[in-house]
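Working notes for the structure below.
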Amino acid sequence: MVKENIFNPLLLIDFYKATHSEQYPQNLTRMVSYYTPRMSRLNDVNKITLFGLQAFIKEYLIEGFNKNFFNRNINEVLDEYNRILSYTMGKGSYDDTKILKLHQLGYLPLQIRALPEGTRSNIGVPQIEITNTHPDFVWLVNTIETMLSCTMWHTQVSAEVGYRYRQIVDKYVKWTCDNNVDPRNVLGDFSMRGQQSVESAIKSSAGWLLSFNNTATVPAIMWLEKNYNCNVENEIVGRGAISTEHSVMCSNTSVDGDEITQVKRLLTEIYPKHSFSMVSDSYDYWNMVTNIIPQCKEEIMAHEGYIGIRGDSGDPIEVIAGKEFYSISDKEFKQMIEDSEHWVEEYFDYPEYDFTVIIKHNEDYYKVCVTCDWTNERGAHTYNKYYYVDEYSVKIEEYTPTAEDMGTVWALWQTFGGTVNAKGYKVLDPHVKAIYGDSITPYRCEEIYRRLEQKGFAINNVVLGVGSFSMMCLENYNDETDEFTYSPYTRDTFGIAVKATYAEDKNGDPIMIFKQPKDCDWKKSQKGCCIVTHDKNGNYGYQDNLTYNEAYGKGDLEVVFHDGHMHHDGETSLAEIRKKMYEYAGNMDI
């Protein structure tokens with residue numbers, strides 16, 4: 001049986017990789033392959049960040065091969081290799097002499113050149129080049145494809161998820177916040193418990209932390225320290241936060257018979273000098289916001305930090321930023337009062353269901369209730385039972401919005417007040433914030449900010465948490481159809497693949513390799529070796545159909561790994577990656 005925690009990296013493959021060494025043309029001495037994001041399934045994304053390669057090299061190509069291959073007894077390695085493959089594929093279906101030769105060589109004869117990590121290169125442009133450095137090990141180049149691909153794609157996608165949210169945050173921070181507000185602190189990664197595995201959660205959060213500071217995933221910090229030359233003692237790698245959960249709040253309520261005892265205990269006994277968030281919807285969220293929290297005002301104002309009031313259920317947009325209000329002009333208001341039915345049809349289209357909206361005119365609010373009457377007595381006879389809106393009625397009344405209508409930020413403002421910043425937006429007293437950590441998709445994130453802006457609030461009144469759904473699936477909203485579509489993130493989100501494009505025979509003569517499926521243009525590979533370059537705006541392109549000697553040492557691909565070691569100039573730090581990622585992003589902070 002295989003020993004615990006020892007996995008020969010040459011078995012971390014698809015089965016068929018074990019058979020390719022014999023399938024290549026005889027007498028090849030060099031193979032060159034490129035790792036390329038070949039397409040984008042996201043309409044508004046045409047670049048992808050390179051991130052995770054250095055960690056892959058350190059964990060798999062260096063530590064993995066040294067510990068679990070080269071430093072093990074060759075008989076043990078071969079016994080394990082043959083036991084697994086002979087009982088699964090059949091004896092004689094593969095050649096194990098290559099394993100013996102590699103072990104005797106004593107190092108991994110590969111060279112990897114890549115774009116600097118943090119580079120956001122255009123779709124279709126190679127990011128990584130892999131070649132063998134010893135003529136007997138052509139087969140190794142694409143053997144590591146499986147490990148590389150499954151290790152890298154989710155890390156890269158999560159970096160793109162973070163980048164996408166950062167665009168939203170930066171826009172509204174610039175619009176509504178003072179210049180000293182750091183956009184990296186207004187969103188956090190809350191996804192660990194919903195990820196596929198601990199390893200997936202770690203790498204996903206690491207990708208997120210290229211754009212933001214906050215995460216709930218503790219091991220992501222250690223992973224970044226290990227692989228990207230950073231240290232929490234002297235720089236911000238990532239930040240965690242103190243927070244309650246429902247087990248805490250519910251158990252205390254069960255003992256005390258009320259919620260207010262625990263709120264005051266948190267403020268005065270447990271965290272008198274620390275900021276913390278408190279999940280507040282265990283029973284009645286709006287009672288907490290409008291009744292219990294005001295009763296704790298004295299303790300909150302004496303607290304040396306802030307308390308974050310966290311909703312965890314309901315519509316996150318409405319909970320934080322309130323319901324949608326429709327502001328109308330004097331002319332529209334007159335029409336609404338005098339000819340309400342035609343106004344409804346013009347403003348909301350002909351109604352197909354009952355609905356209620358809140359209208360704002362100047363500083364006054366009105367509730368408009370539309371009630372439909374249905375009939376199925378219209379048109380020709382049919383075997384199906386169709387219903388039609390026969391007529392509808394409109395009821396308009398003056399209305400005073402509630403806290404639930406206006407949202408948590410507004411409600412906290414009513415209790416604690418605050419200041420107005422230099423851009424004219426309200427900022428809550430620093431002792432309180434609103435927090436929401438569930439179901440924050442990009443659409444909801446932006447909609448929360450939009451509604452806060454409309455109500456006159458800066459977005460730094462809110463801390464939002466992004467969960468596992470948004471790390472693994474994109475929610476797209478279609479304005480025309482008023483519907484959402486969902487695009488799960490996979491390796492195929494960006495069509496990431498490693499393809500061989502160049503070889504040399506024993507005489508050093510070049511062999512141009514390429515893939516060109518007739519019916520799928522995006523799967524077309526490069527041909528020959530490539531030079532990757534970028535222009536002054538950070539747009540990347542490449543020239544291919546070159547020999548290895550013609551391409552080597554030119555362009556933006558840099559040596560990062562050679563013969564079992566990181567290249568002496570190849571290592572990069574988290575700080576450098578963050579800076580590189582936002583190099584061409586205008587005046588965005590890094």
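Going by the structure tokens order, chains are called A, B, ..., each with residues numbered from 1, while ligands are numbered from 1 in the order shown.
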
All residues 8 Å or closer to Thr501 of chain A, only C-alpha atoms, same chain fewer than 4 positions away omitted, as a PyMOL selection string: chain A and resi 31-34+512-514+525-529

Write out as a list in words the residues lying within 6 Å of segment 426-431 of chain A, counting only C-alpha atoms and excluding same-chain residues fewer than 3 positions away.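 Surrounding residues, per the criterion: Gly305, Tyr306, Gly417, Gly418, Thr419, Val420, Phe457 and Ala458 of chain A.
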
Go ahead and dump the residues you just picked, N, CA and C atoms, as a PDB file, in the first residue's frame.
```
ATOM      1  N   GLY A 305     -13.855  51.105  19.422  1.00  0.00           N
ATOM      2  CA  GLY A 305     -13.883  50.363  18.174  1.00  0.00           C
ATOM      3  C   GLY A 305     -15.258  50.510  17.576  1.00  0.00           C
ATOM      4  N   TYR A 306     -15.578  49.689  16.599  1.00  0.00           N
ATOM      5  CA  TYR A 306     -16.940  49.730  16.053  1.00  0.00           C
ATOM      6  C   TYR A 306     -17.612  48.374  16.218  1.00  0.00           C
ATOM      7  N   GLY A 417     -26.243  59.010  13.914  1.00  0.00           N
ATOM      8  CA  GLY A 417     -25.775  60.142  13.138  1.00  0.00           C
ATOM      9  C   GLY A 417     -24.387  59.915  12.587  1.00  0.00           C
ATOM     10  N   GLY A 418     -23.690  61.009  12.296  1.00  0.00           N
ATOM     11  CA  GLY A 418     -22.361  60.899  11.731  1.00  0.00           C
ATOM     12  C   GLY A 418     -21.923  62.227  11.153  1.00  0.00           C
ATOM     13  N   THR A 419     -21.162  62.164  10.078  1.00  0.00           N
ATOM     14  CA  THR A 419     -20.653  63.368   9.431  1.00  0.00           C
ATOM     15  C   THR A 419     -20.946  63.311   7.940  1.00  0.00           C
ATOM     16  N   VAL A 420     -20.733  64.430   7.277  1.00  0.00           N
ATOM     17  CA  VAL A 420     -20.818  64.494   5.815  1.00  0.00           C
ATOM     18  C   VAL A 420     -19.409  64.716   5.287  1.00  0.00           C
ATOM     19  N   PHE A 457     -25.419  58.178   1.031  1.00  0.00           N
ATOM     20  CA  PHE A 457     -24.447  57.564   1.932  1.00  0.00           C
ATOM     21  C   PHE A 457     -23.188  57.129   1.178  1.00  0.00           C
ATOM     22  N   ALA A 458     -22.040  57.314   1.809  1.00  0.00           N
ATOM     23  CA  ALA A 458     -20.788  56.777   1.285  1.00  0.00           C
ATOM     24  C   ALA A 458     -20.766  55.263   1.473  1.00  0.00           C
TER      25      ALA A 458
END
```

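Among the candidate residues A:Asn549, A:Asn71, A:Asn229, A:Gln196, the one lying nearest to Gln54 of chain A is A:Asn229, with distances computed using only C-alpha atoms.
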
Would you mind writing down, as a VMD selection string, each residue of segment 327-489 of chain A that DSSP on the backbone assigns to strand (DSSP E)? chain A and resid 327 355 to 361 364 to 375 388 to 398 418 to 420 426 to 428 432 to 436 462 to 466 473 to 478 483 to 488

Per DSSP on the backbone, filter segment 133-223 of chain A down to the residues in helix (DSSP H, G or I) and report them as JSON, numbers by chain. {"A": [135, 136, 137, 140, 141, 142, 143, 145, 146, 147, 148, 149, 150, 151, 152, 153, 154, 155, 156, 157, 158, 159, 160, 161, 162, 163, 164, 165, 166, 167, 168, 169, 170, 171, 172, 173, 174, 175, 176, 183, 184, 185, 192, 193, 194, 198, 199, 200, 201, 202, 203, 204, 205, 206, 207, 208, 218, 219, 220, 221, 222, 223]}

Could you turn the residues from that selection into a file that holds C-alpha atoms, as an mmCIF file, in the first residue's frame?
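To be explicit, this is the file written out as out-v2.cif:
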```
data_model
loop_
_atom_site.group_PDB
_atom_site.id
_atom_site.type_symbol
_atom_site.label_atom_id
_atom_site.label_comp_id
_atom_site.auth_asym_id
_atom_site.auth_seq_id
_atom_site.Cartn_x
_atom_site.Cartn_y
_atom_site.Cartn_z
ATOM 1 C CA PRO A 135 17.396 15.413 -24.448
ATOM 2 C CA ASP A 136 16.253 12.143 -22.828
ATOM 3 C CA PHE A 137 13.267 13.710 -21.056
ATOM 4 C CA LEU A 140 8.323 15.272 -18.956
ATOM 5 C CA VAL A 141 7.184 18.525 -20.575
ATOM 6 C CA ASN A 142 3.558 17.563 -20.950
ATOM 7 C CA THR A 143 3.528 15.073 -18.092
ATOM 8 C CA GLU A 145 0.345 19.479 -17.543
ATOM 9 C CA THR A 146 -2.291 17.769 -15.393
ATOM 10 C CA MET A 147 -0.805 18.976 -12.106
ATOM 11 C CA LEU A 148 -0.229 22.464 -13.466
ATOM 12 C CA SER A 149 -3.693 22.872 -14.931
ATOM 13 C CA CYS A 150 -5.726 21.610 -11.975
ATOM 14 C CA THR A 151 -3.546 23.549 -9.522
ATOM 15 C CA MET A 152 -3.615 26.878 -11.363
ATOM 16 C CA TRP A 153 -7.007 27.495 -12.930
ATOM 17 C CA HIS A 154 -9.105 28.133 -9.800
ATOM 18 C CA THR A 155 -6.373 30.303 -8.278
ATOM 19 C CA GLN A 156 -6.371 32.415 -11.423
ATOM 20 C CA VAL A 157 -10.159 32.591 -11.634
ATOM 21 C CA SER A 158 -10.341 33.750 -8.003
ATOM 22 C CA ALA A 159 -7.808 36.460 -8.782
ATOM 23 C CA GLU A 160 -10.171 37.563 -11.563
ATOM 24 C CA VAL A 161 -13.143 37.437 -9.191
ATOM 25 C CA GLY A 162 -11.294 39.755 -6.835
ATOM 26 C CA TYR A 163 -10.324 42.032 -9.704
ATOM 27 C CA ARG A 164 -13.956 42.208 -10.887
ATOM 28 C CA TYR A 165 -15.211 43.234 -7.443
ATOM 29 C CA ARG A 166 -12.361 45.705 -7.131
ATOM 30 C CA GLN A 167 -13.557 47.568 -10.248
ATOM 31 C CA ILE A 168 -16.970 48.016 -8.615
ATOM 32 C CA VAL A 169 -15.495 49.105 -5.299
ATOM 33 C CA ASP A 170 -13.044 51.564 -6.815
ATOM 34 C CA LYS A 171 -15.754 53.289 -8.836
ATOM 35 C CA TYR A 172 -17.955 53.940 -5.807
ATOM 36 C CA VAL A 173 -15.106 54.718 -3.413
ATOM 37 C CA LYS A 174 -13.871 57.378 -5.815
ATOM 38 C CA TRP A 175 -17.412 58.669 -6.208
ATOM 39 C CA THR A 176 -18.696 58.693 -2.599
ATOM 40 C CA PRO A 183 -10.841 50.286 -1.233
ATOM 41 C CA ARG A 184 -9.049 47.111 -0.172
ATOM 42 C CA ASN A 185 -10.851 47.139 3.180
ATOM 43 C CA MET A 192 -13.897 28.898 2.941
ATOM 44 C CA ARG A 193 -16.698 26.710 4.310
ATOM 45 C CA GLY A 194 -18.335 26.470 0.888
ATOM 46 C CA VAL A 198 -9.255 23.193 2.195
ATOM 47 C CA GLU A 199 -6.655 23.465 -0.566
ATOM 48 C CA SER A 200 -9.184 25.048 -2.908
ATOM 49 C CA ALA A 201 -10.215 27.538 -0.229
ATOM 50 C CA ILE A 202 -6.602 28.492 0.436
ATOM 51 C CA LYS A 203 -5.693 29.163 -3.157
ATOM 52 C CA SER A 204 -8.964 30.883 -3.917
ATOM 53 C CA SER A 205 -8.547 33.282 -1.015
ATOM 54 C CA ALA A 206 -4.942 33.932 -2.011
ATOM 55 C CA GLY A 207 -6.184 35.046 -5.428
ATOM 56 C CA TRP A 208 -8.765 37.284 -3.748
ATOM 57 C CA VAL A 218 -6.706 31.714 7.932
ATOM 58 C CA PRO A 219 -4.480 29.234 5.998
ATOM 59 C CA ALA A 220 -4.400 31.521 2.957
ATOM 60 C CA ILE A 221 -2.086 33.786 4.967
ATOM 61 C CA MET A 222 0.351 30.970 5.711
ATOM 62 C CA TRP A 223 0.253 29.765 2.094
#
```

So, with only C-alpha atoms as the atoms that count, which of A:Met336, A:Met278, A:Val432, A:Ile84 lies closest to Glu299 of chain A?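 So, comparing all the options, the nearest one is A:Val432.
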
Using only C-alpha atoms: which of A:Tyr366, A:Tyr107, A:Tyr228, A:Tyr449 has the shortest distance to Lys395 of chain A: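 Closest to Lys395 of chain A, using only C-alpha atoms: A:Tyr366.
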
All residues 12 Å or closer to Val125 of chain A, only C-alpha atoms, same chain fewer than 2 positions away omitted, as a PyMOL selection string: chain A and resi 34-39+46-50+114-115+119-123+127-129+494-497+522+524-526+530-534+539-544+556-557

Near Thr215 of chain A, counting only C-alpha atoms, which residues have an atom at most 6 Å away, once you skip same-chain residues fewer than 4 positions from it, shown as a JSON list (two decimals) with all heavy atoms, in the first residue's frame?
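Final output, saved to part_24.json:
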```json
[["chain", "number", "residue", "atom", "x", "y", "z"],
["A", 188, "GLY", "N", -14.63, 41.47, 1.81],
["A", 188, "GLY", "CA", -13.85, 40.36, 2.36],
["A", 188, "GLY", "C", -14.27, 39.03, 1.76],
["A", 188, "GLY", "O", -15.37, 38.88, 1.25],
["A", 189, "ASP", "N", -13.36, 38.07, 1.83],
["A", 189, "ASP", "CA", -13.63, 36.70, 1.37],
["A", 189, "ASP", "C", -14.20, 35.89, 2.53],
["A", 189, "ASP", "O", -13.53, 35.68, 3.53],
["A", 189, "ASP", "CB", -12.33, 36.07, 0.86],
["A", 189, "ASP", "CG", -12.45, 34.57, 0.67],
["A", 189, "ASP", "OD1", -13.58, 34.09, 0.42],
["A", 189, "ASP", "OD2", -11.42, 33.87, 0.76],
["A", 240, "GLY", "N", -8.00, 39.35, 9.33],
["A", 240, "GLY", "CA", -9.19, 38.68, 9.81],
["A", 240, "GLY", "C", -10.01, 39.63, 10.68],
["A", 240, "GLY", "O", -9.63, 40.79, 10.89]]
```

If you measure from atom CA of Pro9 of chain A to atom CA of Tyr87 of chain A, what distance in Å do you get, rounded to one decimal?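 That distance, rounded to one decimal, is 18.5 Å.
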
Would you pick out the contacts of Gly64 of chain A at 8 Å or less, using only C-alpha atoms, so that residues sharing its chain but fewer than 4 positions from it are not included, and give the list as a VMD selection string? chain A and resid 8 to 9 59 to 60 68 to 69

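Between Asn73 of chain A and the candidates A:Lys334, A:Lys91, A:Arg491, A:His103, the tightest atom-to-atom separation, counting only C-alpha atoms, involves A:His103.
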
Close residues, Pro272 of chain A itself excluded, 12 Å, only C-alpha atoms, min 5 positions apart in chain, as an NGL selection string: :A and (263-267 or 299-307 or 431)
